[in-house]
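Data from run-v9.cif: mmCIF, C-alpha atoms
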```
data_query
#
loop_
_atom_site.label_atom_id
_atom_site.label_comp_id
_atom_site.auth_asym_id
_atom_site.auth_seq_id
_atom_site.Cartn_x
_atom_site.Cartn_y
_atom_site.Cartn_z
CA MET S 1 -80.32 45.72 11.38
CA THR S 2 -80.12 43.94 14.65
CA ARG S 3 -77.19 43.78 17.04
CA ASP S 4 -76.73 40.00 16.53
CA PHE S 5 -76.45 40.44 12.77
CA ILE S 6 -73.77 43.10 13.18
CA VAL S 7 -71.76 40.92 15.60
CA GLY S 8 -72.04 37.90 13.30
CA SER S 9 -70.93 39.91 10.28
CA ILE S 10 -67.88 41.24 12.15
CA PHE S 11 -66.97 37.68 13.25
CA ILE S 12 -67.22 36.32 9.70
CA ILE S 13 -65.13 39.19 8.32
CA ALA S 14 -62.49 38.59 11.00
CA LEU S 15 -62.33 34.89 10.14
CA ALA S 16 -61.92 35.74 6.45
CA LEU S 17 -59.13 38.17 7.25
CA VAL S 18 -57.34 35.60 9.43
CA GLY S 19 -57.72 32.92 6.74
CA GLY S 20 -56.49 35.26 4.02
CA LEU S 21 -53.54 36.36 6.16
CA THR S 22 -52.70 32.72 6.90
CA PHE S 23 -52.76 31.89 3.18
CA VAL S 24 -50.58 34.87 2.35
CA MET S 25 -48.14 33.94 5.12
CA GLN S 26 -47.92 30.39 3.83
CA GLU S 27 -47.44 31.39 0.22
CA PHE S 28 -45.15 34.30 0.97
CA PRO S 29 -43.26 33.58 4.20
CA SER S 30 -42.07 36.55 6.17
CA GLY S 31 -38.51 37.21 7.20
CA SER S 32 -35.33 37.37 5.09
CA SER S 33 -35.77 35.93 1.61
CA ILE S 34 -34.01 35.79 -1.74
CA GLU S 35 -35.24 35.71 -5.32
CA LEU S 36 -33.66 33.49 -7.93
CA GLN S 37 -34.23 33.49 -11.67
CA VAL S 38 -34.24 29.89 -12.96
CA GLY S 39 -34.44 29.03 -16.66
CA PHE S 40 -36.26 25.89 -17.94
CA GLU S 41 -36.46 24.27 -21.35
CA ASP S 42 -39.87 22.94 -20.28
CA VAL S 43 -41.67 23.81 -17.04
CA SER S 44 -43.78 20.63 -17.46
CA GLY S 45 -46.99 22.10 -16.05
CA MET S 46 -45.45 24.14 -13.23
CA LYS S 47 -47.33 27.42 -12.60
CA SER S 48 -47.16 30.43 -10.40
CA GLY S 49 -47.90 29.68 -6.78
CA ASP S 50 -46.46 26.16 -6.81
CA PRO S 51 -44.40 25.42 -3.72
CA VAL S 52 -40.63 25.08 -3.60
CA ARG S 53 -39.42 22.22 -1.40
CA VAL S 54 -35.98 21.58 0.07
CA ARG S 55 -35.48 18.03 1.35
CA GLY S 56 -39.26 17.60 1.37
CA LEU S 57 -39.95 20.76 3.41
CA ARG S 58 -41.70 23.85 2.01
CA ALA S 59 -39.02 26.54 1.64
CA GLY S 60 -40.53 29.00 -0.84
CA VAL S 61 -42.86 29.58 -3.76
CA VAL S 62 -42.76 30.03 -7.54
CA ASP S 63 -43.70 33.71 -7.91
CA GLU S 64 -44.11 33.97 -11.67
CA ILE S 65 -43.10 32.34 -14.92
CA VAL S 66 -42.32 34.33 -18.06
CA LEU S 67 -40.86 33.57 -21.47
CA ASP S 68 -37.42 35.07 -22.04
CA GLN S 69 -37.07 35.45 -25.80
CA LYS S 70 -33.43 36.43 -25.50
CA ARG S 71 -32.42 33.29 -23.61
CA GLY S 72 -35.00 31.11 -25.31
CA LEU S 73 -36.16 29.73 -21.95
CA ALA S 74 -39.10 29.86 -19.59
CA VAL S 75 -37.76 31.81 -16.61
CA ALA S 76 -39.35 31.19 -13.22
CA THR S 77 -38.92 33.65 -10.35
CA VAL S 78 -38.35 31.57 -7.23
CA VAL S 79 -38.80 33.23 -3.84
CA LEU S 80 -37.05 31.43 -0.98
CA ALA S 81 -37.80 32.16 2.67
CA GLN S 82 -34.20 31.50 3.75
CA GLU S 83 -30.75 32.41 2.55
CA LEU S 84 -30.29 29.18 0.55
CA ASN S 85 -27.96 30.42 -2.14
CA PRO S 86 -27.05 27.86 -4.80
CA ARG S 87 -23.66 26.17 -4.49
CA GLU S 88 -21.73 23.67 -6.61
CA GLY S 89 -23.95 20.68 -7.43
CA TYR S 90 -27.26 22.56 -7.06
CA GLU S 91 -30.44 21.35 -8.78
CA PHE S 92 -33.89 22.75 -9.58
CA LYS S 93 -36.30 20.06 -10.79
CA VAL S 94 -40.04 20.14 -11.50
CA LEU S 95 -41.74 17.07 -10.06
CA PRO S 96 -45.37 15.91 -9.97
CA ALA S 97 -47.11 16.48 -6.66
CA SER S 98 -49.40 13.42 -7.05
CA ALA S 99 -50.97 11.18 -9.66
CA LEU S 100 -54.01 13.45 -9.66
CA GLY S 101 -52.10 16.46 -10.87
CA GLY S 102 -50.18 19.45 -9.59
CA SER S 103 -46.47 19.94 -9.32
CA TYR S 104 -43.77 21.40 -7.11
CA LEU S 105 -40.22 22.56 -7.58
CA ARG S 106 -37.58 20.54 -5.77
CA TYR S 107 -34.52 22.59 -4.88
CA THR S 108 -31.18 21.05 -3.85
CA PRO S 109 -28.85 23.86 -2.73
CA GLY S 110 -25.70 21.76 -3.27
CA SER S 111 -22.43 22.05 -1.38
CA GLY S 112 -19.06 23.65 -1.85
CA ALA S 113 -18.41 27.11 -3.18
CA LEU S 114 -21.13 29.60 -4.09
CA ILE S 115 -21.89 30.02 -7.80
CA PRO S 116 -23.21 33.00 -9.79
CA ILE S 117 -27.02 33.26 -9.88
CA ASP S 118 -27.38 35.05 -13.20
CA ASN S 119 -27.62 31.86 -15.28
CA LEU S 120 -29.36 29.22 -13.16
CA ARG S 121 -30.92 26.28 -14.99
CA GLY S 122 -33.61 23.81 -13.98
CA LEU S 123 -34.96 20.47 -15.18
CA ALA S 124 -38.46 19.14 -15.81
CA GLY S 125 -39.25 15.74 -14.39
CA GLY S 126 -42.63 15.32 -16.08
CA ASP S 127 -45.85 13.98 -14.58
CA VAL S 128 -46.23 10.64 -12.82
CA LEU S 129 -47.97 8.89 -15.69
CA GLY S 130 -45.41 10.26 -18.15
CA GLU S 131 -42.52 8.98 -16.04
CA VAL S 132 -44.22 5.61 -15.73
CA GLY S 133 -44.73 5.55 -19.49
CA ASP S 134 -41.09 6.46 -20.10
CA LEU S 135 -39.99 3.79 -17.67
CA LEU S 136 -42.14 1.18 -19.40
CA ASN S 137 -40.96 2.30 -22.82
CA ASN S 138 -37.27 2.16 -21.78
CA THR S 139 -37.67 -1.25 -20.21
CA LYS S 140 -39.95 -2.67 -22.88
CA ASP S 141 -37.35 -5.10 -24.23
CA SER S 142 -36.41 -6.27 -20.74
CA ILE S 143 -40.06 -6.77 -19.82
CA GLU S 144 -40.76 -8.71 -23.02
CA SER S 145 -37.66 -10.84 -22.46
CA GLY S 146 -38.69 -11.48 -18.84
CA LEU S 147 -42.25 -12.43 -19.87
CA SER S 148 -40.87 -14.72 -22.59
CA SER S 149 -38.53 -16.40 -20.10
CA LEU S 150 -41.40 -16.76 -17.62
CA ALA S 151 -43.61 -18.33 -20.29
CA SER S 152 -40.81 -20.73 -21.28
CA LEU S 153 -40.25 -21.62 -17.63
CA LEU S 154 -43.94 -22.29 -17.06
CA GLN S 155 -44.07 -24.43 -20.21
CA LYS S 156 -41.07 -26.49 -19.02
CA LEU S 157 -42.64 -26.91 -15.60
CA ASP S 158 -45.90 -28.00 -17.20
CA SER S 159 -44.06 -30.53 -19.39
CA GLY S 160 -42.16 -31.92 -16.39
CA GLU S 161 -38.69 -30.74 -17.42
CA GLY S 162 -36.07 -30.02 -14.80
CA ILE S 163 -36.16 -30.69 -11.07
CA PHE S 164 -39.16 -28.55 -10.24
CA GLY S 165 -41.05 -29.76 -13.32
CA GLY S 166 -40.45 -33.33 -12.22
CA LEU S 167 -41.66 -32.51 -8.72
CA LEU S 168 -44.85 -31.03 -10.13
CA THR S 169 -45.67 -33.80 -12.63
CA SER S 170 -43.91 -36.99 -11.47
CA ALA S 171 -45.26 -38.93 -8.51
CA ASP S 172 -41.94 -40.78 -8.10
CA ALA S 173 -39.97 -37.55 -8.07
CA LYS S 174 -42.37 -36.09 -5.55
CA LYS S 175 -42.04 -39.19 -3.37
CA GLN S 176 -38.23 -39.06 -3.56
CA PHE S 177 -38.30 -35.39 -2.64
CA LEU S 178 -40.54 -36.06 0.34
CA ASN S 179 -38.25 -38.92 1.41
CA THR S 180 -35.27 -36.58 1.16
CA VAL S 181 -37.06 -33.98 3.27
CA GLU S 182 -37.94 -36.67 5.79
CA ASN S 183 -34.32 -37.86 5.87
CA LEU S 184 -33.12 -34.32 6.39
CA GLU S 185 -35.59 -33.88 9.20
CA SER S 186 -34.43 -37.15 10.77
CA LEU S 187 -30.80 -36.08 10.37
CA THR S 188 -31.54 -32.73 11.97
CA GLN S 189 -33.29 -34.45 14.88
CA SER S 190 -30.31 -36.82 15.28
CA LEU S 191 -27.98 -33.83 15.41
CA ARG S 192 -30.16 -32.20 18.03
CA ASP S 193 -30.14 -35.43 20.06
CA GLY S 194 -26.33 -35.54 19.90
CA GLU S 195 -26.07 -38.67 17.78
CA GLY S 196 -23.05 -39.28 15.57
CA ILE S 197 -19.85 -37.26 15.37
CA MET S 198 -21.49 -34.00 14.31
CA GLY S 199 -24.24 -34.39 16.88
CA SER S 200 -21.70 -35.10 19.58
CA LEU S 201 -19.76 -31.99 18.56
CA ILE S 202 -22.91 -29.90 18.81
CA ARG S 203 -24.08 -31.34 22.13
CA GLU S 204 -22.83 -29.32 25.06
CA GLY S 205 -20.37 -31.11 27.34
CA SER S 206 -19.90 -34.19 25.13
CA ASP S 207 -16.58 -36.01 24.83
CA GLN S 208 -16.26 -35.05 21.18
CA GLN S 209 -16.88 -31.39 21.99
CA ILE S 210 -14.35 -31.48 24.84
CA ARG S 211 -11.75 -33.06 22.54
CA SER S 212 -12.53 -30.56 19.82
CA ASN S 213 -12.17 -27.68 22.27
CA ARG S 214 -8.90 -29.17 23.52
CA LEU S 215 -7.67 -29.51 19.92
CA LEU S 216 -8.59 -25.89 19.20
CA ALA S 217 -6.82 -24.81 22.40
CA ASN S 218 -3.71 -26.73 21.35
CA MET S 219 -3.86 -25.16 17.92
CA ASP S 220 -4.18 -21.74 19.51
CA THR S 221 -1.15 -22.50 21.72
CA GLU S 222 0.86 -23.67 18.72
CA MET S 223 -0.12 -20.57 16.77
CA GLY S 224 1.04 -18.48 19.72
CA LYS S 225 4.38 -20.30 19.71
CA ILE S 226 4.70 -19.74 15.99
CA SER S 227 3.93 -16.05 16.47
CA ALA S 228 6.57 -15.93 19.20
CA GLY S 229 9.14 -17.42 16.80
CA GLU S 230 9.37 -20.86 18.44
CA GLY S 231 9.94 -24.02 16.41
CA THR S 232 10.95 -24.40 12.78
CA LEU S 233 7.88 -22.71 11.34
CA GLY S 234 8.13 -19.92 13.89
CA LEU S 235 11.76 -19.32 12.95
CA ILE S 236 10.89 -19.29 9.26
CA LEU S 237 8.13 -16.75 9.81
CA ASN S 238 9.90 -14.51 12.33
CA ASP S 239 13.68 -14.92 11.89
CA GLU S 240 15.18 -13.22 8.86
CA LYS S 241 18.32 -15.40 8.94
CA THR S 242 16.26 -18.60 8.87
CA ARG S 243 14.10 -17.25 6.06
CA SER S 244 17.26 -16.37 4.15
CA GLU S 245 18.61 -19.91 4.61
CA VAL S 246 15.29 -21.40 3.49
CA ARG S 247 15.26 -19.15 0.43
CA SER S 248 18.85 -20.15 -0.31
CA PHE S 249 17.93 -23.83 -0.02
CA ILE S 250 14.95 -23.35 -2.32
CA THR S 251 17.20 -21.52 -4.80
CA GLN S 252 19.75 -24.34 -4.73
CA LEU S 253 16.99 -26.91 -5.13
CA SER S 254 15.65 -24.96 -8.10
CA GLU S 255 19.12 -24.85 -9.64
CA SER S 256 19.53 -28.59 -9.07
CA MET S 257 16.20 -29.29 -10.74
CA ASP S 258 17.21 -27.03 -13.61
CA ASN S 259 20.50 -28.95 -13.96
CA ILE S 260 18.57 -32.20 -14.03
CA TYR S 261 16.22 -30.79 -16.65
CA GLN S 262 19.19 -29.56 -18.71
CA ALA S 263 20.81 -33.05 -18.51
CA ARG S 264 23.69 -31.83 -16.39
CA GLY S 265 25.37 -34.16 -13.90
CA LEU S 266 24.94 -37.89 -13.43
CA LEU S 267 21.27 -37.78 -12.43
CA GLY S 268 20.38 -35.25 -15.14
CA ARG S 269 22.11 -37.29 -17.85
CA SER S 270 20.51 -40.49 -16.55
CA ILE S 271 17.05 -38.91 -16.88
CA ASN S 272 17.36 -36.73 -19.98
CA ASP S 273 20.32 -38.14 -22.04
CA PRO S 274 19.09 -41.19 -24.02
CA ASP S 275 22.62 -42.44 -24.79
CA PHE S 276 23.73 -42.19 -21.18
CA ALA S 277 20.51 -43.79 -20.01
CA GLN S 278 21.05 -46.64 -22.49
CA THR S 279 24.57 -47.12 -21.10
CA TRP S 280 23.11 -47.50 -17.61
CA ILE S 281 20.54 -49.93 -19.00
CA ASP S 282 23.34 -51.97 -20.60
CA ILE S 283 25.31 -51.96 -17.35
CA SER S 284 22.21 -53.08 -15.50
CA GLY S 285 21.78 -55.86 -18.06
CA ASN S 286 25.39 -56.93 -17.55
CA PHE S 287 24.89 -56.98 -13.79
CA LYS S 288 21.80 -59.04 -14.33
CA ASN S 289 23.69 -61.52 -16.53
CA ALA S 290 26.51 -61.67 -13.96
CA SER S 291 24.05 -62.35 -11.17
CA GLU S 292 22.49 -65.09 -13.30
CA GLN S 293 25.96 -66.60 -13.85
CA LEU S 294 26.44 -66.59 -10.08
CA GLY S 295 23.22 -68.56 -9.71
CA PRO S 296 22.91 -72.33 -9.28
CA GLU S 297 22.95 -72.80 -13.06
CA GLY S 298 26.10 -70.72 -13.56
CA MET S 299 29.23 -72.24 -15.14
CA GLY S 300 31.97 -70.04 -13.66
CA LEU S 301 34.26 -70.63 -10.71
CA LEU S 302 32.43 -68.21 -8.44
CA ALA S 303 29.11 -69.95 -9.16
CA LYS S 304 30.71 -73.32 -8.29
CA LEU S 305 32.25 -71.83 -5.15
CA LEU S 306 28.85 -70.47 -4.14
CA HIS S 307 26.74 -73.54 -4.95
CA SER S 308 29.04 -76.67 -5.17
CA LYS S 309 29.20 -78.52 -1.83
CA ASN S 310 32.18 -80.67 -2.84
CA LEU S 311 34.23 -77.70 -4.00
CA ALA S 312 33.28 -75.85 -0.85
CA ASP S 313 34.39 -78.84 1.26
CA ASP S 314 37.71 -79.07 -0.66
CA LEU S 315 38.25 -75.35 -0.18
CA SER S 316 37.52 -75.70 3.52
CA SER S 317 39.98 -78.63 3.75
CA SER S 318 42.65 -76.63 1.93
CA ILE S 319 42.14 -73.69 4.23
CA ALA S 320 42.35 -76.02 7.26
CA ALA S 321 45.61 -77.53 5.92
CA ILE S 322 47.08 -74.09 5.31
CA LYS S 323 46.05 -73.17 8.85
CA THR S 324 47.81 -76.32 10.22
CA ILE S 325 50.99 -75.55 8.28
CA SER S 326 50.87 -71.98 9.52
CA ASN S 327 50.45 -73.18 13.11
CA ASN S 328 53.41 -75.60 12.69
CA ILE S 329 55.56 -72.83 11.30
CA ASN S 330 54.61 -70.54 14.17
CA GLU S 331 54.72 -73.14 16.97
CA GLY S 332 57.25 -75.79 15.65
CA PRO S 333 58.86 -78.16 15.33
CA GLY S 334 60.33 -78.27 11.87
CA THR S 335 62.94 -76.65 9.65
CA LEU S 336 60.85 -73.59 8.73
CA TYR S 337 60.07 -73.01 12.40
CA ASN S 338 63.82 -73.19 13.24
CA LEU S 339 64.66 -70.92 10.33
CA ILE S 340 62.15 -68.34 11.59
CA LYS S 341 62.62 -68.72 15.32
CA ASP S 342 66.35 -69.78 15.63
CA PRO S 343 68.76 -67.01 14.53
CA SER S 344 71.81 -69.34 14.53
CA LEU S 345 70.16 -71.73 12.08
CA PHE S 346 69.16 -68.80 9.94
CA ASN S 347 72.73 -67.52 9.92
CA GLU S 348 74.10 -70.99 9.04
CA ALA S 349 71.62 -71.30 6.20
CA ARG S 350 72.62 -67.86 5.03
CA GLN S 351 76.33 -68.80 5.11
CA THR S 352 75.59 -72.05 3.22
CA LEU S 353 73.74 -70.13 0.53
CA THR S 354 76.66 -67.69 0.32
CA LEU S 355 79.17 -70.56 -0.14
CA LEU S 356 76.90 -72.17 -2.75
CA ARG S 357 76.71 -68.90 -4.62
CA ASP S 358 80.50 -68.50 -4.56
CA SER S 359 80.99 -72.07 -5.80
CA THR S 360 78.56 -71.45 -8.62
CA GLU S 361 80.51 -68.35 -9.63
CA ASP S 362 83.80 -70.33 -9.63
CA LEU S 363 82.29 -73.05 -11.80
CA ARG S 364 80.98 -70.44 -14.19
CA GLU S 365 84.44 -68.91 -14.49
CA GLN S 366 86.09 -72.32 -15.07
CA GLU S 367 83.58 -73.44 -17.74
CA PRO S 368 85.35 -71.86 -20.79
CA VAL S 369 88.69 -73.51 -19.90
CA THR S 370 87.04 -76.88 -19.44
CA ALA S 371 85.27 -76.52 -22.77
CA PHE S 372 88.56 -75.62 -24.51
CA PHE S 373 90.43 -78.67 -23.19
CA SER S 374 87.45 -80.87 -24.02
CA ILE S 375 87.58 -79.74 -27.64
CA LEU S 376 91.39 -80.03 -27.74
CA PHE S 377 91.64 -83.60 -26.37
CA SER S 378 88.44 -84.92 -27.89
CA PRO S 379 90.30 -86.83 -30.77
CA PHE S 380 92.34 -88.68 -28.24
#
```
As structure tokens, what does this structure read like?
Amino acid sequence: MTRDFIVGSIFIIALALVGGLTFVMQEFPSGSSIELQVGFEDVSGMKSGDPVRVRGLRAGVVDEIVLDQKRGLAVATVVLAQELNPREGYEFKVLPASALGGSYLRYTPGSGALIPIDNLRGLAGGDVLGEVGDLLNNTKDSIESGLSSLASLLQKLDSGEGIFGGLLTSADAKKQFLNTVENLESLTQSLRDGEGIMGSLIREGSDQQIRSNRLLANMDTEMGKISAGEGTLGLILNDEKTRSEVRSFITQLSESMDNIYQARGLLGRSINDPDFAQTWIDISGNFKNASEQLGPEGMGLLAKLLHSKNLADDLSSSIAAIKTISNNINEGPGTLYNLIKDPSLFNEARQTLTLLRDSTEDLREQEPVTAFFSILFSPF
């Protein structure tokens, strides 16, 4: 046995020991660890030595799996390299490692308070192909419905139904669509060039944009005034007294409208009371007839006064004569003027009337005596 052979053998043995130690360290991490007993209805292909992952990182290993006849479960001993005690909301779930096979145990420690570890339960997620099969089986009806809808859509497109079907089968529809696209492109180019109102608004520094900015500034100023309580709207929004008055006005208006609807008052009865409305209609008819009688064809005095030139001239002459008489009475001469203006003449006239009245009374008293003597001496 040569020296080189001995050295080579020692080197190979050392490599094997390092590899074995590395494997053992990976499978059974050193440091503080805990063991958890997790029961499964179905381990779904999980076996001893499968890794335990927390948030995708390797955190332990499945040590062994045994059947617990008392609990009726497959109990897996899980060795964790860290103190990751289960809390409220924890989860152990067997998941496939890849489509080619293998599995791992996903552990979610949860959050909140710690829970007892004497009755931990886990779930089996199944293999990849099984999950895909379950997914397809659960969504079979939806897939069939989607495929049926797709086939119906393709058939409608092929027959030229609808907008897209027409675009695919009709040359005129395709031409109209292309013209529309061309018009949209032309419109977009016009907007970019600043043509029209919208283009002018978009173009920087244009008159329309300046006016629009000024309008927006004015609106902002007005909104500031409103927020500050200026103006009618500002008072309504910010002053409680004004809001109360507005509410009172609205309430009164509502009551007025309700009165009108309930046929209360003149306006309400005119709108909702048929008899009262008919009375107003009759009155309107009478006014209409009266206005017709006052027309040129009317027969009454007012119609003649309004439309007869001769009667109007006579009336004017009479008024002028009355005016002349009034002027003569006021300015003289004449008896009436003297009676009004001359107190002595008025007094004389008054005395004359007094004497006349006294004479009349005397004659009235003497009338029975005269009648008696007339009867007595009538035969003679």
Residues within 12 Å of S:Lys156, only C-alpha atoms, excluding chain neighbours under 5 positions, as a count of residues only: 12
Nearby residues, (-41.3, 19.6, -9.8) file frame, 10 Å, all atoms listed in the file, as a ChimeraX atom specification: /S:43-46,50-53,92-97,102-107,122-127
Dump of C-alpha atoms for the selected residues, as a PDB file, in the coordinates of the input:
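After the write, selection-v2.pdb holds the following:
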```pdb
ATOM      1  CA  VAL S  43     -41.670  23.810 -17.040  1.00  0.00           C
ATOM      2  CA  SER S  44     -43.780  20.630 -17.460  1.00  0.00           C
ATOM      3  CA  GLY S  45     -46.990  22.100 -16.050  1.00  0.00           C
ATOM      4  CA  MET S  46     -45.450  24.140 -13.230  1.00  0.00           C
ATOM      5  CA  ASP S  50     -46.460  26.160  -6.810  1.00  0.00           C
ATOM      6  CA  PRO S  51     -44.400  25.420  -3.720  1.00  0.00           C
ATOM      7  CA  VAL S  52     -40.630  25.080  -3.600  1.00  0.00           C
ATOM      8  CA  ARG S  53     -39.420  22.220  -1.400  1.00  0.00           C
ATOM      9  CA  PHE S  92     -33.890  22.750  -9.580  1.00  0.00           C
ATOM     10  CA  LYS S  93     -36.300  20.060 -10.790  1.00  0.00           C
ATOM     11  CA  VAL S  94     -40.040  20.140 -11.500  1.00  0.00           C
ATOM     12  CA  LEU S  95     -41.740  17.070 -10.060  1.00  0.00           C
ATOM     13  CA  PRO S  96     -45.370  15.910  -9.970  1.00  0.00           C
ATOM     14  CA  ALA S  97     -47.110  16.480  -6.660  1.00  0.00           C
ATOM     15  CA  GLY S 102     -50.180  19.450  -9.590  1.00  0.00           C
ATOM     16  CA  SER S 103     -46.470  19.940  -9.320  1.00  0.00           C
ATOM     17  CA  TYR S 104     -43.770  21.400  -7.110  1.00  0.00           C
ATOM     18  CA  LEU S 105     -40.220  22.560  -7.580  1.00  0.00           C
ATOM     19  CA  ARG S 106     -37.580  20.540  -5.770  1.00  0.00           C
ATOM     20  CA  TYR S 107     -34.520  22.590  -4.880  1.00  0.00           C
ATOM     21  CA  GLY S 122     -33.610  23.810 -13.980  1.00  0.00           C
ATOM     22  CA  LEU S 123     -34.960  20.470 -15.180  1.00  0.00           C
ATOM     23  CA  ALA S 124     -38.460  19.140 -15.810  1.00  0.00           C
ATOM     24  CA  GLY S 125     -39.250  15.740 -14.390  1.00  0.00           C
ATOM     25  CA  GLY S 126     -42.630  15.320 -16.080  1.00  0.00           C
ATOM     26  CA  ASP S 127     -45.850  13.980 -14.580  1.00  0.00           C
TER      27      ASP S 127
END
```
Picked residues, the PyMOL selection byres ((chain S and resi 56-62) around 8), expected as number ranges by chain: S: 27-29, 47-55, 63-65, 76-82, 105-106
Å distance separating atom CA of S:Arg203 from atom CA of S:Leu215, one decimal place: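 Separation between atom CA of S:Arg203 and atom CA of S:Leu215: 16.7 Å.
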Point-to-point distance from atom CA of S:Ala263 to atom CA of S:Thr251, Å rounded to tenths: 18.3 Å
Spatial neighbours of S:Arg211, 12 Å, all atoms listed in the file, chain gap at least 5 places, as an NGL selection string: :S and (197 or 200-201 or 204-206 or 216-218)
Length of the atom CA of S:Thr188 to atom CA of S:Ile202 vector [Å]: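 Computing it gives 11.4 Å between the two atoms.
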Expected selection from the PyMOL selection byres ((chain S and resi 71) around 12), given as a list in words: Val38, Gly39, Phe40, Glu41, Val66, Leu67, Asp68, Gln69, Lys70, Gly72, Leu73, Ala74, Val75, Asp118, Asn119, Leu120 and Arg121 of chain S
Pick from S:Gly199, S:Thr360, S:Thr232, S:Ser244, whichever lies nearest to S:Leu187 using all atoms listed in the file: S:Gly199
Residues in the PyMOL selection byres ((chain S and resi 109) around 6), expressed as a PyMOL selection string: chain S and resi 86-87+90+108+110
